[in-house]
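Q: What follows is data_21.pdb; its format and atoms are PDB, C-alpha atoms and all ligand atoms.
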ATOM      1  CA  MET U   1      71.545 118.028  43.235
ATOM      2  CA  ASN U   2      70.916 115.301  45.789
ATOM      3  CA  LEU U   3      73.510 116.117  48.439
ATOM      4  CA  GLU U   4      72.881 112.879  50.263
ATOM      5  CA  HIS U   5      74.134 110.857  47.267
ATOM      6  CA  TRP U   6      77.167 113.065  46.853
ATOM      7  CA  ASN U   7      78.134 112.837  50.516
ATOM      8  CA  LYS U   8      77.660 109.092  50.543
ATOM      9  CA  ALA U   9      79.854 108.739  47.444
ATOM     10  CA  ILE U  10      82.531 110.884  49.074
ATOM     11  CA  SER U  11      82.546 108.853  52.274
ATOM     12  CA  TRP U  12      82.728 105.586  50.288
ATOM     13  CA  ILE U  13      85.699 106.981  48.362
ATOM     14  CA  LYS U  14      87.438 108.158  51.523
ATOM     15  CA  ASP U  15      86.990 104.770  53.210
ATOM     16  CA  ALA U  16      88.137 102.537  50.339
ATOM     17  CA  GLU U  17      91.615 101.750  49.036
ATOM     18  CA  ASN U  18      91.139  99.993  45.693
ATOM     19  CA  PHE U  19      89.183 101.414  42.779
ATOM     20  CA  LEU U  20      88.333 100.279  39.297
ATOM     21  CA  LEU U  21      87.274 103.048  36.915
ATOM     22  CA  ILE U  22      85.330 102.389  33.747
ATOM     23  CA  THR U  23      83.356 104.225  31.085
ATOM     24  CA  HIS U  24      81.114 103.263  28.154
ATOM     25  CA  SER U  25      82.274 101.192  25.178
ATOM     26  CA  GLN U  26      83.693 103.235  22.314
ATOM     27  CA  PRO U  27      84.862 105.679  24.958
ATOM     28  CA  ASP U  28      85.002 109.381  24.167
ATOM     29  CA  ILE U  29      87.121 112.208  25.547
ATOM     30  CA  ASP U  30      84.582 113.088  28.269
ATOM     31  CA  GLY U  31      84.402 109.517  29.585
ATOM     32  CA  LEU U  32      88.157 109.011  29.469
ATOM     33  CA  ALA U  33      88.935 112.435  30.930
ATOM     34  CA  SER U  34      86.508 111.665  33.766
ATOM     35  CA  ILE U  35      88.093 108.374  34.777
ATOM     36  CA  LEU U  36      91.645 109.694  34.327
ATOM     37  CA  SER U  37      90.935 112.762  36.476
ATOM     38  CA  LEU U  38      89.574 110.575  39.233
ATOM     39  CA  THR U  39      92.432 108.095  38.868
ATOM     40  CA  GLN U  40      94.947 110.871  39.429
ATOM     41  CA  ALA U  41      93.071 112.302  42.394
ATOM     42  CA  LEU U  42      92.870 108.825  43.989
ATOM     43  CA  ILE U  43      96.559 108.085  43.409
ATOM     44  CA  PHE U  44      97.369 111.453  44.928
ATOM     45  CA  LEU U  45      95.491 110.266  48.024
ATOM     46  CA  ASN U  46      97.687 107.112  48.090
ATOM     47  CA  LYS U  47      94.887 104.853  46.923
ATOM     48  CA  LYS U  48      95.053 102.255  44.171
ATOM     49  CA  ALA U  49      93.112 103.182  41.054
ATOM     50  CA  LEU U  50      92.884 101.259  37.811
ATOM     51  CA  PRO U  51      91.167 102.814  34.787
ATOM     52  CA  VAL U  52      90.142 100.110  32.305
ATOM     53  CA  VAL U  53      88.909 100.552  28.713
ATOM     54  CA  GLU U  54      88.246  98.004  25.974
ATOM     55  CA  GLU U  55      90.848  99.684  23.799
ATOM     56  CA  ILE U  56      92.934 102.802  24.114
ATOM     57  CA  PRO U  57      92.038 105.334  21.428
ATOM     58  CA  GLU U  58      94.958 107.199  19.931
ATOM     59  CA  GLU U  59      93.069 110.474  20.151
ATOM     60  CA  ALA U  60      92.909 110.246  23.938
ATOM     61  CA  LEU U  61      96.622 109.836  24.533
ATOM     62  CA  PHE U  62      97.048 113.560  25.185
ATOM     63  CA  LEU U  63      94.956 113.264  28.360
ATOM     64  CA  HIS U  64      97.065 113.384  31.485
ATOM     65  CA  GLY U  65      97.456 109.990  33.098
ATOM     66  CA  SER U  66      96.580 108.106  29.888
ATOM     67  CA  SER U  67      99.550 105.810  30.617
ATOM     68  CA  PHE U  68      97.523 104.432  33.555
ATOM     69  CA  LEU U  69      94.901 103.064  31.138
ATOM     70  CA  ARG U  70      94.675  99.292  30.909
ATOM     71  CA  VAL U  71      92.750  96.931  28.657
ATOM     72  CA  PRO U  72      90.637  94.145  30.267
ATOM     73  CA  GLU U  73      93.205  91.456  29.385
ATOM     74  CA  ASN U  74      95.467  93.224  31.801
ATOM     75  CA  PHE U  75      93.914  93.373  35.254
ATOM     76  CA  LYS U  76      93.711  89.803  36.487
ATOM     77  CA  ASN U  77      94.444  90.104  40.160
ATOM     78  CA  PHE U  78      92.939  93.411  40.994
ATOM     79  CA  LYS U  79      90.044  93.262  43.454
ATOM     80  CA  PRO U  80      88.459  96.667  43.754
ATOM     81  CA  GLU U  81      86.169  97.587  46.647
ATOM     82  CA  ILE U  82      84.527 100.211  44.474
ATOM     83  CA  VAL U  83      83.864 100.438  40.763
ATOM     84  CA  ILE U  84      83.357 103.963  39.472
ATOM     85  CA  VAL U  85      81.391 104.206  36.233
ATOM     86  CA  ALA U  86      81.610 107.505  34.348
ATOM     87  CA  ASP U  87      79.646 108.946  31.425
ATOM     88  CA  THR U  88      77.019 106.199  31.297
ATOM     89  CA  HIS U  89      74.566 104.713  33.778
ATOM     90  CA  SER U  90      73.579 101.702  31.740
ATOM     91  CA  PRO U  91      75.271  98.309  32.222
ATOM     92  CA  LYS U  92      74.435  97.630  28.562
ATOM     93  CA  ARG U  93      76.903 100.294  27.493
ATOM     94  CA  ILE U  94      79.829  98.632  29.262
ATOM     95  CA  SER U  95      82.055  96.520  27.027
ATOM     96  CA  GLN U  96      81.390  92.810  27.458
ATOM     97  CA  LYS U  97      85.083  92.096  27.997
ATOM     98  CA  ILE U  98      85.191  94.451  30.970
ATOM     99  CA  TRP U  99      81.817  93.373  32.316
ATOM    100  CA  GLU U 100      82.926  89.742  32.537
ATOM    101  CA  LYS U 101      85.733  90.683  34.905
ATOM    102  CA  ILE U 102      83.736  92.691  37.394
ATOM    103  CA  ASN U 103      82.484  91.253  40.636
ATOM    104  CA  LEU U 104      78.900  92.415  40.792
ATOM    105  CA  LYS U 105      78.883  92.308  44.569
ATOM    106  CA  THR U 106      81.248  95.271  44.569
ATOM    107  CA  LYS U 107      79.999  98.758  45.401
ATOM    108  CA  PHE U 108      79.355 100.995  42.415
ATOM    109  CA  ILE U 109      79.423 104.766  42.093
ATOM    110  CA  ILE U 110      77.841 105.901  38.846
ATOM    111  CA  ILE U 111      78.443 109.431  37.615
ATOM    112  CA  ASP U 112      76.746 110.499  34.418
ATOM    113  CA  HIS U 113      75.000 113.307  32.549
ATOM    114  CA  HIS U 114      72.812 111.356  30.108
ATOM    115  CA  VAL U 115      69.024 111.472  30.305
ATOM    116  CA  LEU U 116      68.128 109.053  33.074
ATOM    117  CA  SER U 117      66.497 105.824  31.985
ATOM    118  CA  LYS U 118      67.233 103.292  34.618
ATOM    119  CA  GLU U 119      66.148  99.789  33.820
ATOM    120  CA  GLU U 120      69.093  97.742  34.970
ATOM    121  CA  PHE U 121      71.307  98.043  37.986
ATOM    122  CA  PHE U 122      74.998  97.382  38.314
ATOM    123  CA  SER U 123      74.851  96.070  41.841
ATOM    124  CA  GLU U 124      72.724  95.967  44.954
ATOM    125  CA  GLU U 125      74.950  98.616  46.397
ATOM    126  CA  GLU U 126      75.183 101.512  44.021
ATOM    127  CA  ILE U 127      75.119 105.264  44.255
ATOM    128  CA  LEU U 128      73.692 107.061  41.290
ATOM    129  CA  ILE U 129      74.818 110.599  40.542
ATOM    130  CA  VAL U 130      73.078 111.535  37.307
ATOM    131  CA  ASP U 131      72.348 115.083  36.199
ATOM    132  CA  SER U 132      71.335 115.558  32.574
ATOM    133  CA  GLN U 133      71.384 119.349  32.970
ATOM    134  CA  VAL U 134      75.163 119.537  33.036
ATOM    135  CA  PRO U 135      77.174 119.613  29.805
ATOM    136  CA  SER U 136      79.761 116.924  30.585
ATOM    137  CA  THR U 137      80.573 114.183  33.058
ATOM    138  CA  THR U 138      83.785 116.044  33.894
ATOM    139  CA  PHE U 139      81.500 118.826  35.176
ATOM    140  CA  LEU U 140      80.195 116.383  37.808
ATOM    141  CA  ILE U 141      83.673 115.020  38.547
ATOM    142  CA  TYR U 142      84.787 118.572  39.314
ATOM    143  CA  GLN U 143      81.897 119.004  41.747
ATOM    144  CA  LEU U 144      82.724 115.692  43.401
ATOM    145  CA  LEU U 145      86.410 116.583  43.808
ATOM    146  CA  LYS U 146      85.522 120.007  45.140
ATOM    147  CA  LEU U 147      82.908 118.748  47.581
ATOM    148  CA  GLY U 148      85.198 116.001  48.880
ATOM    149  CA  ASN U 149      88.155 118.372  49.224
ATOM    150  CA  PHE U 150      90.103 116.132  46.866
ATOM    151  CA  PRO U 151      93.150 117.515  45.064
ATOM    152  CA  ILE U 152      92.640 119.233  41.698
ATOM    153  CA  THR U 153      96.067 119.475  40.130
ATOM    154  CA  LEU U 154      96.825 121.297  36.906
ATOM    155  CA  GLU U 155      96.733 117.940  35.071
ATOM    156  CA  ILE U 156      93.336 117.100  36.526
ATOM    157  CA  ALA U 157      92.019 120.566  35.651
ATOM    158  CA  GLU U 158      93.229 120.178  32.076
ATOM    159  CA  ASN U 159      91.538 116.777  31.729
ATOM    160  CA  LEU U 160      88.304 118.190  33.122
ATOM    161  CA  LEU U 161      88.468 121.053  30.642
ATOM    162  CA  ALA U 162      89.042 118.553  27.814
ATOM    163  CA  GLY U 163      85.805 116.725  28.707
ATOM    164  CA  LEU U 164      83.948 120.017  28.866
ATOM    165  CA  TYR U 165      85.322 121.179  25.513
ATOM    166  CA  PHE U 166      84.606 117.871  23.834
ATOM    167  CA  ASP U 167      81.029 117.435  24.987
ATOM    168  CA  THR U 168      80.108 121.036  24.168
ATOM    169  CA  GLY U 169      81.862 121.000  20.785
ATOM    170  CA  GLY U 170      84.061 123.835  22.003
ATOM    171  CA  PHE U 171      81.230 125.710  23.758
ATOM    172  CA  ARG U 172      78.969 125.583  20.692
ATOM    173  CA  TYR U 173      76.176 123.161  21.595
ATOM    174  CA  ASP U 174      72.825 123.678  23.204
ATOM    175  CA  ASN U 175      74.086 122.230  26.519
ATOM    176  CA  VAL U 176      76.248 125.326  27.147
ATOM    177  CA  THR U 177      75.064 127.557  29.995
ATOM    178  CA  LYS U 178      76.688 130.213  32.128
ATOM    179  CA  GLU U 179      77.763 127.435  34.513
ATOM    180  CA  THR U 180      79.794 125.941  31.651
ATOM    181  CA  PHE U 181      81.839 129.128  31.403
ATOM    182  CA  LEU U 182      82.094 129.400  35.180
ATOM    183  CA  LEU U 183      83.613 125.927  35.310
ATOM    184  CA  ALA U 184      85.940 126.766  32.416
ATOM    185  CA  TYR U 185      86.985 129.852  34.385
ATOM    186  CA  GLU U 186      87.719 127.774  37.490
ATOM    187  CA  LEU U 187      89.738 125.239  35.509
ATOM    188  CA  VAL U 188      91.788 127.877  33.715
ATOM    189  CA  ASN U 189      92.316 129.476  37.106
ATOM    190  CA  LEU U 190      93.807 126.164  38.260
ATOM    191  CA  GLY U 191      96.258 126.278  35.388
ATOM    192  CA  ALA U 192      94.477 124.533  32.499
ATOM    193  CA  ARG U 193      95.591 125.860  29.088
ATOM    194  CA  PRO U 194      92.483 126.408  26.939
ATOM    195  CA  SER U 195      94.183 126.695  23.553
ATOM    196  CA  TRP U 196      96.379 123.650  24.196
ATOM    197  CA  VAL U 197      93.347 121.557  25.119
ATOM    198  CA  ALA U 198      91.345 122.883  22.141
ATOM    199  CA  CYS U 199      94.223 122.130  19.812
ATOM    200  CA  GLN U 200      94.517 118.528  21.104
ATOM    201  CA  ILE U 201      90.833 117.922  20.479
ATOM    202  CA  PHE U 202      89.938 119.946  17.415
ATOM    203  CA  GLU U 203      93.167 120.363  15.471
ATOM    204  CA  ASN U 204      94.639 116.927  15.670
ATOM    205  CA  LEU U 205      93.014 114.976  12.834
ATOM    206  CA  SER U 206      94.817 111.831  11.807
ATOM    207  CA  LEU U 207      94.972 110.584   8.226
ATOM    208  CA  THR U 208      92.913 107.567   9.311
ATOM    209  CA  GLN U 209      90.108 109.863  10.392
ATOM    210  CA  ILE U 210      90.340 111.675   7.047
ATOM    211  CA  GLU U 211      89.973 108.315   5.282
ATOM    212  CA  PHE U 212      86.808 107.745   7.300
ATOM    213  CA  LEU U 213      85.559 111.221   6.393
ATOM    214  CA  LYS U 214      86.103 110.493   2.688
ATOM    215  CA  LYS U 215      83.932 107.393   2.984
ATOM    216  CA  ILE U 216      81.289 109.186   5.019
ATOM    217  CA  LEU U 217      81.052 111.883   2.324
ATOM    218  CA  LYS U 218      80.938 109.288  -0.448
ATOM    219  CA  ASN U 219      78.024 107.506   1.281
ATOM    220  CA  LEU U 220      76.265 110.714   2.331
ATOM    221  CA  GLU U 221      72.623 110.979   1.341
ATOM    222  CA  PHE U 222      70.083 113.662   2.047
ATOM    223  CA  LEU U 223      66.531 112.744   2.959
ATOM    224  CA  ASN U 224      63.488 114.908   3.684
ATOM    225  CA  ASN U 225      64.480 117.742   1.322
ATOM    226  CA  GLY U 226      67.980 117.927   2.672
ATOM    227  CA  GLU U 227      66.925 118.193   6.319
ATOM    228  CA  VAL U 228      68.112 114.703   7.259
ATOM    229  CA  ALA U 229      71.736 113.824   6.501
ATOM    230  CA  PHE U 230      72.425 110.083   6.489
ATOM    231  CA  SER U 231      75.676 108.217   6.028
ATOM    232  CA  TYR U 232      77.408 105.022   7.082
ATOM    233  CA  LEU U 233      80.663 103.114   7.455
ATOM    234  CA  THR U 234      80.817  99.372   6.822
ATOM    235  CA  PHE U 235      82.767  96.785   8.763
ATOM    236  CA  GLU U 236      85.110  96.536   5.752
ATOM    237  CA  ASP U 237      85.829 100.273   6.047
ATOM    238  CA  PHE U 238      86.948  99.813   9.653
ATOM    239  CA  GLN U 239      88.866  96.672   8.749
ATOM    240  CA  LYS U 240      90.730  98.491   6.014
ATOM    241  CA  GLU U 241      91.918 101.162   8.447
ATOM    242  CA  GLY U 242      92.607  98.640  11.198
ATOM    243  CA  VAL U 243      90.756 100.913  13.637
ATOM    244  CA  PHE U 244      87.439  99.916  15.139
ATOM    245  CA  ASN U 245      86.270 103.069  16.728
ATOM    246  CA  LEU U 246      85.564 106.502  15.394
ATOM    247  CA  SER U 247      86.996 108.784  17.991
ATOM    248  CA  LYS U 248      86.297 111.793  15.804
ATOM    249  CA  ASP U 249      82.634 112.673  16.043
ATOM    250  CA  TRP U 250      81.912 112.948  12.322
ATOM    251  CA  VAL U 251      78.200 112.840  12.966
ATOM    252  CA  ASN U 252      78.509 116.324  14.485
ATOM    253  CA  PHE U 253      80.131 117.436  11.264
ATOM    254  CA  LEU U 254      77.076 116.132   9.366
ATOM    255  CA  ARG U 255      74.809 118.095  11.684
ATOM    256  CA  SER U 256      76.793 121.268  10.977
ATOM    257  CA  LEU U 257      75.717 121.228   7.310
ATOM    258  CA  LYS U 258      73.342 123.957   6.169
ATOM    259  CA  ASN U 259      69.628 123.103   6.457
ATOM    260  CA  VAL U 260      70.329 119.769   8.166
ATOM    261  CA  LYS U 261      68.086 119.180  11.194
ATOM    262  CA  ILE U 262      68.944 115.545  11.902
ATOM    263  CA  ALA U 263      72.271 113.853  11.168
ATOM    264  CA  VAL U 264      72.675 110.090  11.235
ATOM    265  CA  LEU U 265      75.847 108.053  11.083
ATOM    266  CA  VAL U 266      75.601 104.274  11.009
ATOM    267  CA  LYS U 267      78.693 102.279  11.885
ATOM    268  CA  GLU U 268      79.082  98.549  11.457
ATOM    269  CA  ILE U 269      81.621  98.233  14.240
ATOM    270  CA  GLU U 270      81.417  94.444  14.401
ATOM    271  CA  LYS U 271      80.022  91.977  11.914
ATOM    272  CA  GLY U 272      76.342  91.705  12.799
ATOM    273  CA  LYS U 273      76.310  94.741  15.074
ATOM    274  CA  VAL U 274      75.469  98.239  13.942
ATOM    275  CA  SER U 275      75.783 101.371  16.044
ATOM    276  CA  VAL U 276      73.698 104.380  15.062
ATOM    277  CA  SER U 277      74.620 107.926  16.146
ATOM    278  CA  LEU U 278      71.987 110.632  16.006
ATOM    279  CA  ARG U 279      72.429 114.394  16.225
ATOM    280  CA  SER U 280      69.876 117.151  15.781
ATOM    281  CA  LYS U 281      69.567 120.887  15.870
ATOM    282  CA  ALA U 282      67.220 122.335  18.491
ATOM    283  CA  PRO U 283      64.252 122.236  18.718
ATOM    284  CA  VAL U 284      64.239 118.880  16.875
ATOM    285  CA  GLU U 285      65.010 116.110  19.403
ATOM    286  CA  VAL U 286      66.367 112.650  18.682
ATOM    287  CA  VAL U 287      66.447 110.968  22.087
ATOM    288  CA  GLU U 288      62.951 109.507  21.545
ATOM    289  CA  LEU U 289      64.102 107.937  18.320
ATOM    290  CA  ALA U 290      67.045 106.330  20.125
ATOM    291  CA  LYS U 291      64.753 105.056  22.882
ATOM    292  CA  MET U 292      62.498 103.357  20.302
ATOM    293  CA  PHE U 293      65.483 101.070  19.638
ATOM    294  CA  GLY U 294      66.512 100.617  23.259
ATOM    295  CA  GLY U 295      69.123 103.355  23.163
ATOM    296  CA  GLY U 296      69.270 106.787  24.771
ATOM    297  CA  GLY U 297      71.484 109.778  25.393
ATOM    298  CA  HIS U 298      70.814 113.477  25.262
ATOM    299  CA  LYS U 299      67.964 115.437  23.657
ATOM    300  CA  TYR U 300      70.013 116.443  20.629
ATOM    301  CA  ALA U 301      72.706 113.757  20.724
ATOM    302  CA  SER U 302      71.812 110.132  21.198
ATOM    303  CA  GLY U 303      72.328 106.682  19.798
ATOM    304  CA  PHE U 304      71.455 103.021  19.772
ATOM    305  CA  THR U 305      72.728  99.700  18.484
ATOM    306  CA  VAL U 306      70.985  97.022  16.460
ATOM    307  CA  GLU U 307      71.957  93.468  15.727
ATOM    308  CA  THR U 308      71.630  92.486  12.095
ATOM    309  CA  GLN U 309      72.902  89.906   9.644
ATOM    310  CA  ASP U 310      72.048  92.057   6.646
ATOM    311  CA  PHE U 311      73.741  95.447   6.681
ATOM    312  CA  VAL U 312      72.311  96.645   3.353
ATOM    313  CA  SER U 313      68.677  96.087   4.250
ATOM    314  CA  THR U 314      69.285  97.562   7.718
ATOM    315  CA  ILE U 315      70.474 100.766   6.020
ATOM    316  CA  THR U 316      67.325 100.862   3.872
ATOM    317  CA  TYR U 317      65.149 100.190   6.924
ATOM    318  CA  LEU U 318      66.852 102.859   9.061
ATOM    319  CA  LYS U 319      66.527 105.480   6.337
ATOM    320  CA  LYS U 320      62.804 104.793   6.113
ATOM    321  CA  ILE U 321      62.224 104.854   9.878
ATOM    322  CA  ILE U 322      64.272 108.002  10.477
ATOM    323  CA  SER U 323      62.723 109.824   7.565
ATOM    324  CA  LYS U 324      59.237 108.991   8.879
ATOM    325  CA  PHE U 325      60.208 110.001  12.420
ATOM    326  CA  TYR U 326      61.345 113.395  11.132
ATOM    327  CA  GLU U 327      58.186 113.822   9.098
ATOM    328  CA  ARG U 328      56.072 113.225  12.201
ATOM    329  CA  LYS U 329      58.128 114.915  14.911
ATOM    330  CA  GLY U 330      60.572 117.183  13.197
ATOM    331  CA  LYS U 331      58.398 120.085  12.221
TER     332      LYS U 331
HETATM  333 MN    MN U 401      79.695 112.867  28.152
END
For the structure just supplied, provide its representation as C-alpha cells.

A:
Amino acid sequence: MNLEHWNKAISWIKDAENFLLITHSQPDIDGLASILSLTQALIFLNKKALPVVEEIPEEALFLHGSSFLRVPENFKNFKPEIVIVADTHSPKRISQKIWEKINLKTKFIIIDHHVLSKEEFFSEEEILIVDSQVPSTTFLIYQLLKLGNFPITLEIAENLLAGLYFDTGGFRYDNVTKETFLLAYELVNLGARPSWVACQIFENLSLTQIEFLKKILKNLEFLNNGEVAFSYLTFEDFQKEGVFNLSKDWVNFLRSLKNVKIAVLVKEIEKGKVSVSLRSKAPVEVVELAKMFGGGGHKYASGFTVETQDFVSTITYLKKIISKFYERKGK
C-alpha cells in the first residue's frame, strides 16, 4: 500500500468540487457499486458527483444511488476537475462514447484491483491506486473512505458489500482471504444486510438471463477431455433479447461444472466485435492467455476482445488456441 498515493488522492478529492465517476464498459456490480459509493460520499460532502455508464444494467438497479447514474448522452455541460475511474486501469476498457466526452487534461484518480499492466495513461496528471491482492474494487473504496475520514453511511456500506460479494462469488473464489471477512464484518457493523445483498445478486435471475443460459447450454462444448468448457452467444442472440450485456456471469457457472479447469464464454456483443471471458480453477491460470490477445484481468478470471468479420471461424480459431494453451500450461 503506497500511502503517498492514497494521501494525494484524498487531498485532491478534498480540494475539488466537481467529479465524474466512470468504470469499465459492460460494467459489473463491483464497478458500479464502487462509483455509486463514492458518488454518495461526495454528495454527502456537498460536492457535485456524476456517475456515468454506457448503459444502465437492470441487475444493478438495487444498488443505492443507482438513480444518479447517467448515460453519456446526458452530461453535456458538466466540467469535472477530477475523473475517478474504478475497477479498471486501462483506457481501452472505457466505453468509446464516454471517452469522447472526457477532457484528457483533467486529473484522474484510478482505483482498481486487476493485475497491473500499464501501457496507456489517462492523463498527464493521474494517481494510480492498484492492488491486485484485494478481492474487489469496493475493498479499496472502503480503505479510501476510511483513510480520508469520509462518511460511510448504511447505503454506502451495503453497496461496498455488494461489490465484495459479487467479485468473490459470495466468498467462494480464490481471492477470499481473512481480510475479506474482516471487511464484511466492518460493513455489516455499519448496518449492511448480508442476506438482502446476497439475495439481490444471487437470487434475482431474470427470464432474459435464463434465455441466455439456455443458449449457452445449447452451444456448450467440452474440449480437452471435459476440462475446458466452451460456449458462445451470437449477436443475433443479444438482438433477440434486446439486451446487449450479460450482467449475469454465466462463465462462472461454466467453471463450476465438475472436472472443468478452464471455462470460456464468447460473446458477440457488437457486429464485428467479440468479447471473450475466461475463468479457471486454481492452480490453472488464464491471465496469460488473455494477455496474448491484448487483454488482462485476474489470475483465474480474465478476458479480452477481438475484432472479426467472421464469427464462425473465430469460434473455431479460439477453440483451437485455448485447447492448445491448456495442453501446454494447464497440467
Ligand atoms: Mn472488480

Q: Would you write out, as JSON, numbers by chain, every residue that the PyMOL selection byres (((not hetatm)) within 8 of (chain U and resi 401)) captures in this file?

A: {"U": [28, 29, 30, 31, 87, 88, 112, 113, 114, 135, 136, 137, 138, 163, 167]}

Q: List, as a PyMOL selection string, every residue that the PyMOL selection byres (((chain U and resi 297-310) around 7) and not hetatm) selects in the file provided.

A: chain U and resi 114-115+272-282+285-287+290+293-296+311-314

Q: Let me have the centre and edge lengths in Å, one decimal, of the box along x, y and z around every listed atom of range 26-41 of chain U with 8 Å of margin on each side, as AutoDock Vina command-line options.

A:
--center_x 89.3 --center_y 108.2 --center_z 32.4 --size_x 27.3 --size_y 25.9 --size_z 36.1

Q: What is the distance, in Å and to one decimal place, between CA of Glu179 in chain U and CA of Leu147 in chain U?

A: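 That distance, rounded to one decimal, is 16.5 Å.
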
Q: Need to verify the contact set: Phe238 in chain U, 10 Å, all atoms listed in the file, exclusion of same-chain residues closer than 3 positions in sequence. Can you return it as a PyMOL selection string?

A: chain U and resi 208+212+233-235+241-246+267-270

Q: Counting all atoms listed in the file, which of U:Phe150, U:Ile94, U:Phe62, U:Ile102 gets nearest to Trp196 in chain U?

A: U:Phe62

Q: Residues within 8 Å of Ile82 in chain U, please, as an mmCIF file with C-alpha atoms, in the frame of the given file. Count only C-alpha atoms; anything in the same chain fewer than 6 positions from it doesn't count.

A:
data_model
loop_
_atom_site.group_PDB
_atom_site.id
_atom_site.type_symbol
_atom_site.label_atom_id
_atom_site.label_comp_id
_atom_site.auth_asym_id
_atom_site.auth_seq_id
_atom_site.Cartn_x
_atom_site.Cartn_y
_atom_site.Cartn_z
ATOM 1 C CA ILE U 13 85.699 106.981 48.362
ATOM 2 C CA ALA U 16 88.137 102.537 50.339
ATOM 3 C CA ASN U 18 91.139 99.993 45.693
ATOM 4 C CA PHE U 19 89.183 101.414 42.779
ATOM 5 C CA LEU U 20 88.333 100.279 39.297
ATOM 6 C CA THR U 106 81.248 95.271 44.569
ATOM 7 C CA LYS U 107 79.999 98.758 45.401
ATOM 8 C CA PHE U 108 79.355 100.995 42.415
ATOM 9 C CA ILE U 109 79.423 104.766 42.093
#

Q: Nearest to Glu203 in chain U: which of U:Ile216, U:Glu59, U:Val188, U:Leu257 is it, counting all atoms listed in the file?

A: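 Nearest candidate to Glu203 in chain U out of U:Ile216, U:Glu59, U:Val188, U:Leu257: U:Glu59.
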
Q: Using CA of Asn2 in chain U and CA of Lys291 in chain U as the two end points, give the distance in Å to one decimal.

A: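 Taking CA of Asn2 in chain U and CA of Lys291 in chain U, their separation equals 25.8 Å.
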
Q: Any idea what the distance is between CA of Ala9 in chain U and CA of Gly191 in chain U?

A: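 Here the two named atoms are 26.9 Å from each other.
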